[in-house]
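Below is target27.csv, holding CSV, C-alpha atoms.
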chain,number,residue,atom,x,y,z
O,77,MET,CA,14.4,-6.2,82.3
O,78,LEU,CA,14.0,-3.3,84.7
O,79,PRO,CA,13.2,0.2,83.2
O,80,THR,CA,16.5,1.5,84.4
O,81,GLU,CA,18.4,-1.4,82.8
O,82,GLN,CA,16.4,-0.9,79.6
O,83,ASP,CA,17.2,2.8,79.6
O,84,LYS,CA,20.9,2.1,80.2
O,85,ASN,CA,20.9,-0.5,77.4
O,86,TYR,CA,19.2,2.1,75.1
O,87,TRP,CA,21.8,4.6,76.1
O,88,GLU,CA,24.7,2.3,75.2
O,89,GLN,CA,23.1,1.4,71.9
O,90,MET,CA,22.5,5.1,71.1
O,91,LEU,CA,26.1,5.9,71.7
O,92,LEU,CA,26.9,3.3,69.0
O,93,GLY,CA,24.7,5.2,66.6
O,94,ASP,CA,21.4,3.2,66.9
O,95,LYS,CA,18.6,5.6,66.1
O,96,ASN,CA,16.0,3.2,67.3
O,97,ALA,CA,17.6,3.1,70.7
O,98,LEU,CA,17.3,6.9,70.8
O,99,PHE,CA,13.6,6.6,70.0
O,100,GLY,CA,13.2,3.8,72.6
O,101,LEU,CA,14.8,6.1,75.2
O,102,TYR,CA,12.5,8.9,74.1
O,103,ASN,CA,9.4,6.7,74.4
O,104,ASN,CA,10.4,5.4,77.8
O,105,LEU,CA,11.2,8.7,79.4
O,106,TYR,CA,9.2,11.4,77.5
O,107,PHE,CA,6.3,11.7,80.0
O,108,HIS,CA,8.6,11.5,83.0
O,109,LEU,CA,10.7,14.4,81.6
O,110,ILE,CA,7.5,16.4,80.8
O,111,ARG,CA,6.2,16.0,84.3
O,112,PHE,CA,9.6,16.9,85.7
O,113,GLY,CA,9.8,20.0,83.4
O,114,LEU,CA,6.3,21.2,84.4
O,115,LYS,CA,7.5,21.3,88.0
O,116,ILE,CA,10.2,23.8,86.9
O,117,ASN,CA,8.0,25.9,84.7
O,118,PRO,CA,4.2,25.5,83.9
O,119,ASP,CA,4.7,26.5,80.2
O,120,ASP,CA,4.0,23.2,78.5
O,121,GLU,CA,5.3,24.3,75.1
O,122,LEU,CA,8.6,25.4,76.6
O,123,VAL,CA,8.9,22.1,78.4
O,124,LYS,CA,8.0,20.0,75.3
O,125,ASP,CA,10.5,22.1,73.2
O,126,CYS,CA,13.2,21.6,75.7
O,127,VAL,CA,12.6,17.8,76.0
O,128,ASN,CA,12.8,17.5,72.3
O,129,GLN,CA,16.0,19.7,72.3
O,130,VAL,CA,17.6,17.4,74.9
O,131,PHE,CA,17.0,14.4,72.6
O,132,LEU,CA,18.3,16.3,69.5
O,133,ASN,CA,21.4,17.3,71.5
O,134,LEU,CA,21.9,13.7,72.6
O,135,TRP,CA,21.9,12.5,69.1
O,136,ASP,CA,24.1,15.2,67.8
O,137,LYS,CA,26.7,14.7,70.6
O,138,ARG,CA,26.4,10.9,71.0
O,139,THR,CA,30.0,10.4,69.9
O,140,ARG,CA,31.3,12.6,72.7
O,141,LEU,CA,29.0,11.2,75.5
O,142,ASN,CA,30.1,8.7,78.1
O,143,PRO,CA,28.2,5.8,79.5
O,144,VAL,CA,26.0,6.8,82.5
O,145,GLU,CA,24.6,4.8,85.4
O,146,ASN,CA,21.3,6.6,85.8
O,147,VAL,CA,20.0,7.7,82.4
O,148,LYS,CA,16.8,9.2,83.7
O,149,SER,CA,18.7,11.4,86.2
O,150,TYR,CA,21.1,12.5,83.5
O,151,LEU,CA,18.3,13.5,81.2
O,152,MET,CA,16.4,15.3,83.9
O,153,THR,CA,19.5,17.3,84.7
O,154,SER,CA,20.0,18.1,81.0
O,155,LEU,CA,16.3,19.1,80.7
O,156,ARG,CA,16.6,21.4,83.8
O,157,ARG,CA,19.7,23.1,82.3
O,158,CYS,CA,18.0,23.5,78.9
O,159,MET,CA,14.9,25.1,80.5
O,160,LEU,CA,17.0,27.4,82.7
O,161,ASP,CA,19.0,28.5,79.6
O,162,GLN,CA,15.7,29.1,77.7
O,163,LEU,CA,14.2,31.0,80.6
O,164,ALA,CA,17.4,33.2,81.0
O,165,TYR,CA,17.3,33.9,77.2
O,166,ILE,CA,13.6,34.9,77.5
O,167,ASP,CA,14.4,37.2,80.4
O,168,ARG,CA,17.3,38.8,78.6
O,169,THR,CA,15.2,39.3,75.5
O,170,ASN,CA,12.4,40.9,77.6
O,171,LEU,CA,14.8,43.1,79.3
O,172,ALA,CA,16.3,44.3,76.0
O,173,VAL,CA,12.8,45.0,74.6
O,174,ASN,CA,11.8,46.9,77.7
O,175,LYS,CA,15.0,49.0,77.6
O,176,MET,CA,14.3,49.8,74.0
O,177,GLY,CA,10.7,50.7,74.8
O,178,LYS,CA,11.9,53.1,77.5
O,179,GLY,CA,14.3,54.8,75.1
O,180,GLU,CA,17.5,53.7,77.0
O,181,ALA,CA,18.8,52.1,73.8
O,182,ALA,CA,17.3,54.6,71.4
O,183,ASN,CA,20.5,55.1,69.4
O,184,GLU,CA,19.4,55.8,65.8
O,185,LEU,CA,21.1,53.7,63.2
O,186,SER,CA,22.7,55.4,60.2
O,187,TYR,CA,21.3,54.7,56.8
O,188,GLU,CA,24.2,52.5,56.0
O,189,GLU,CA,23.7,50.4,59.1
O,190,ILE,CA,20.0,50.0,58.3
O,191,MET,CA,20.9,48.9,54.7
O,192,ILE,CA,23.5,46.4,55.9
O,193,GLY,CA,21.0,44.9,58.4
O,194,ILE,CA,18.4,44.6,55.6
O,195,GLN,CA,20.9,42.9,53.3
O,196,GLN,CA,22.0,40.5,56.0
O,197,ASP,CA,18.4,39.7,56.8
O,198,GLU,CA,17.6,39.0,53.1
O,199,GLU,CA,20.7,36.8,52.7
O,200,LEU,CA,19.5,34.7,55.7
O,201,LYS,CA,16.0,34.5,54.3
O,202,ASN,CA,17.3,33.3,50.9
O,203,LYS,CA,19.6,30.7,52.6
O,204,LEU,CA,16.6,29.4,54.5
O,205,ARG,CA,14.4,29.3,51.4
O,206,VAL,CA,17.0,27.3,49.5
O,207,ALA,CA,17.5,25.0,52.5
O,208,ILE,CA,13.7,24.4,53.0
O,209,ALA,CA,13.4,23.7,49.2
O,210,GLN,CA,15.7,20.7,49.7
O,211,LEU,CA,13.4,19.1,52.2
O,212,THR,CA,10.7,16.6,51.2
O,213,PRO,CA,7.2,18.2,50.7
O,214,ARG,CA,6.0,16.6,54.0
O,215,GLN,CA,9.0,17.9,55.9
O,216,SER,CA,8.6,21.4,54.4
O,217,GLU,CA,4.9,21.4,55.3
O,218,LEU,CA,5.5,20.4,58.9
O,219,ILE,CA,8.4,23.0,59.3
O,220,GLN,CA,6.0,25.6,58.0
O,221,LEU,CA,3.3,24.6,60.5
O,222,LYS,CA,5.6,24.4,63.5
O,223,PHE,CA,7.9,27.4,63.1
O,224,PHE,CA,6.0,29.8,60.8
O,225,GLU,CA,2.5,29.2,62.0
O,226,GLY,CA,3.5,28.3,65.6
O,227,LEU,CA,1.4,25.2,65.9
O,228,SER,CA,2.0,22.6,68.7
O,229,TYR,CA,2.9,19.0,67.8
O,230,GLU,CA,-0.6,18.0,68.8
O,231,GLN,CA,-2.1,20.6,66.4
O,232,ILE,CA,0.2,19.5,63.6
O,233,ALA,CA,-0.7,15.9,64.1
O,234,GLU,CA,-4.4,16.7,64.1
O,235,ARG,CA,-4.2,18.9,61.0
O,236,THR,CA,-2.0,16.4,59.0
O,237,SER,CA,-3.8,13.2,60.2
O,238,GLN,CA,-0.5,11.9,61.6
O,239,THR,CA,0.4,10.7,65.0
O,240,ILE,CA,2.2,13.2,67.3
O,241,LYS,CA,5.3,11.0,67.3
O,242,THR,CA,5.4,10.9,63.4
O,243,ALA,CA,5.1,14.7,63.3
O,244,TYR,CA,7.9,15.1,65.9
O,245,ASN,CA,10.1,12.6,64.0
O,246,THR,CA,9.5,14.3,60.7
O,247,ILE,CA,10.3,17.7,62.1
O,248,TYR,CA,13.4,16.3,63.9
O,249,ASP,CA,14.7,14.9,60.6
O,250,ALA,CA,14.0,18.1,58.8
O,251,ILE,CA,15.8,20.2,61.4
O,252,LYS,CA,18.8,17.9,61.1
O,253,ILE,CA,18.9,18.5,57.4
O,254,LEU,CA,18.5,22.2,57.7
O,255,ARG,CA,21.3,22.4,60.2
O,256,LYS,CA,23.6,20.6,57.8
O,257,ILE,CA,22.7,22.8,54.9
O,258,LEU,CA,22.9,26.1,56.8
O,259,LYS,CA,26.3,25.4,58.4
Show me the file's structure as structure tokens.
Amino acid sequence: MLPTEQDKNYWEQMLLGDKNALFGLYNNLYFHLIRFGLKINPDDELVKDCVNQVFLNLWDKRTRLNPVENVKSYLMTSLRRCMLDQLAYIDRTNLAVNKMGKGEAANELSYEEIMIGIQQDEELKNKLRVAIAQLTPRQSELIQLKFFEGLSYEQIAERTSQTIKTAYNTIYDAIKILRKILK
């Protein structure tokens, strides 16, 4: 079976809810997508995060997706859009930070606004604590390493004596659980 036929078969099986087909597609196209993403932007962590986000989105939206002829091309387009969205978000964030640093947005908040902000922040932190407590100990550990300590998947795999794929899959499952809980 040709790689494109295999990818198309994986795609069709994934649309039917086959998680193994999603992983097969991931394994077949991961490095192609990484190479493609690095041509758009040299930040390897951004590229890896966007590739993973593309596959998370595929799984989440699989019931609304249509069959495609060229799966690789479809995923490359999705990756490009994800990366451009992330880069635009980073630019907007940097612009806002720069404006605040120059005093353009130096409106002082009232005491009440500050207190409301603190309360909302505490509520979110509590929800997140409760959600993380519902994960398995391994999922909780890997979420801590990835998002609170900022380690890459390679570093996580090295620290926990797992493969990179296992670390990614565990974090993927944990994120799915957290999304359901926090909705």
Task: Between atom CA of O:Ala243 and atom CA of O:Val147 - distance in Å to one decimal - done: 25.2 Å
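The space between atom CA of O:Leu221 and atom CA of O:Leu200 spans 19.7 Å.
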- [ ] For atom CA of O:Glu81 and atom CA of O:Asn103, determine how far apart the two atoms are, in Å to one decimal place.
- [x] 14.7 Å
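With all atoms listed in the file as the atoms that count, the residue of O:Glu88, O:Asp94, O:Asp161, O:Asp136 with the shortest distance to O:Lys256 is O:Asp136.
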Find the residues of stretch 167-248 of chain O that sit at most 12 Å from stretch 125-133 of chain O; for each, write down the nearest two atoms and how far apart they are in Å, to one decimal. Count only C-alpha atoms. Sort by chain, then by number going up, and give it as JSON lines.
{"residue": "O:Lys222", "atom": "CA", "partner": "O:Asp125", "partner_atom": "CA", "distance": 11.1}
{"residue": "O:Phe223", "atom": "CA", "partner": "O:Asp125", "partner_atom": "CA", "distance": 11.7}
{"residue": "O:Ser228", "atom": "CA", "partner": "O:Asp125", "partner_atom": "CA", "distance": 9.6}
{"residue": "O:Tyr229", "atom": "CA", "partner": "O:Asp125", "partner_atom": "CA", "distance": 9.8}
{"residue": "O:Lys241", "atom": "CA", "partner": "O:Asn128", "partner_atom": "CA", "distance": 11.1}
{"residue": "O:Tyr244", "atom": "CA", "partner": "O:Asn128", "partner_atom": "CA", "distance": 8.4}
{"residue": "O:Asn245", "atom": "CA", "partner": "O:Asn128", "partner_atom": "CA", "distance": 10.0}
{"residue": "O:Ile247", "atom": "CA", "partner": "O:Asn128", "partner_atom": "CA", "distance": 10.5}
{"residue": "O:Tyr248", "atom": "CA", "partner": "O:Leu132", "partner_atom": "CA", "distance": 7.4}
Dump as a compact mmCIF listing (two decimals), keeping the file's coordinate frame, selection limited to C-alpha atoms:
# COMPACT_ATOMS: atom_id res chain seq x y z
CA LYS O 222 5.60 24.40 63.50
CA PHE O 223 7.90 27.40 63.10
CA SER O 228 2.00 22.60 68.70
CA TYR O 229 2.90 19.00 67.80
CA LYS O 241 5.30 11.00 67.30
CA TYR O 244 7.90 15.10 65.90
CA ASN O 245 10.10 12.60 64.00
CA ILE O 247 10.30 17.70 62.10
CA TYR O 248 13.40 16.30 63.90
Task: For O:Lys148: contacts at 8 Å, only C-alpha atoms, fewer than 2 positions along chain excluded, given as a list in words - done: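 Contacts, with the query itself left out: Thr80, Asp83, Leu105, Asn146, Tyr150, Leu151 and Met152 of chain O.
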Task: Distance criterion (only C-alpha atoms): nearest to O:Leu258 out of O:Ser237, O:Glu225, O:Arg214, O:Lys201 - done: O:Lys201
Open item on the list: Would you pick out the contacts of O:Ile240 at 8 Å or less, using only C-alpha atoms, so that residues sharing its chain but fewer than 5 positions from it are not included, and give the list as number ranges by chain?
Closed with: O: 229-230, 232-233
- [ ] Name the closest residue to O:Phe99 among the candidates O:Arg111, O:Glu145, O:Leu134, O:Thr239; distances are taken between atoms, counting all atoms listed in the file.
- [x]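 When distances to O:Phe99 are compared using all atoms listed in the file, the smallest one comes from O:Leu134.
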Task: Distance query 10 Å from (15.9, 22.4, 55.6) using all atoms listed in the file, result as a VMD selection string - done: chain O and resid 203 to 212 215 to 216 219 247 249 to 258
Written selection (C-alpha atoms) as a PDB file, in the coordinates of the input:
ATOM      1  CA  LYS O 203      19.600  30.700  52.600  1.00  0.00           C
ATOM      2  CA  LEU O 204      16.600  29.400  54.500  1.00  0.00           C
ATOM      3  CA  ARG O 205      14.400  29.300  51.400  1.00  0.00           C
ATOM      4  CA  VAL O 206      17.000  27.300  49.500  1.00  0.00           C
ATOM      5  CA  ALA O 207      17.500  25.000  52.500  1.00  0.00           C
ATOM      6  CA  ILE O 208      13.700  24.400  53.000  1.00  0.00           C
ATOM      7  CA  ALA O 209      13.400  23.700  49.200  1.00  0.00           C
ATOM      8  CA  GLN O 210      15.700  20.700  49.700  1.00  0.00           C
ATOM      9  CA  LEU O 211      13.400  19.100  52.200  1.00  0.00           C
ATOM     10  CA  THR O 212      10.700  16.600  51.200  1.00  0.00           C
ATOM     11  CA  GLN O 215       9.000  17.900  55.900  1.00  0.00           C
ATOM     12  CA  SER O 216       8.600  21.400  54.400  1.00  0.00           C
ATOM     13  CA  ILE O 219       8.400  23.000  59.300  1.00  0.00           C
ATOM     14  CA  ILE O 247      10.300  17.700  62.100  1.00  0.00           C
ATOM     15  CA  ASP O 249      14.700  14.900  60.600  1.00  0.00           C
ATOM     16  CA  ALA O 250      14.000  18.100  58.800  1.00  0.00           C
ATOM     17  CA  ILE O 251      15.800  20.200  61.400  1.00  0.00           C
ATOM     18  CA  LYS O 252      18.800  17.900  61.100  1.00  0.00           C
ATOM     19  CA  ILE O 253      18.900  18.500  57.400  1.00  0.00           C
ATOM     20  CA  LEU O 254      18.500  22.200  57.700  1.00  0.00           C
ATOM     21  CA  ARG O 255      21.300  22.400  60.200  1.00  0.00           C
ATOM     22  CA  LYS O 256      23.600  20.600  57.800  1.00  0.00           C
ATOM     23  CA  ILE O 257      22.700  22.800  54.900  1.00  0.00           C
ATOM     24  CA  LEU O 258      22.900  26.100  56.800  1.00  0.00           C
TER      25      LEU O 258
END
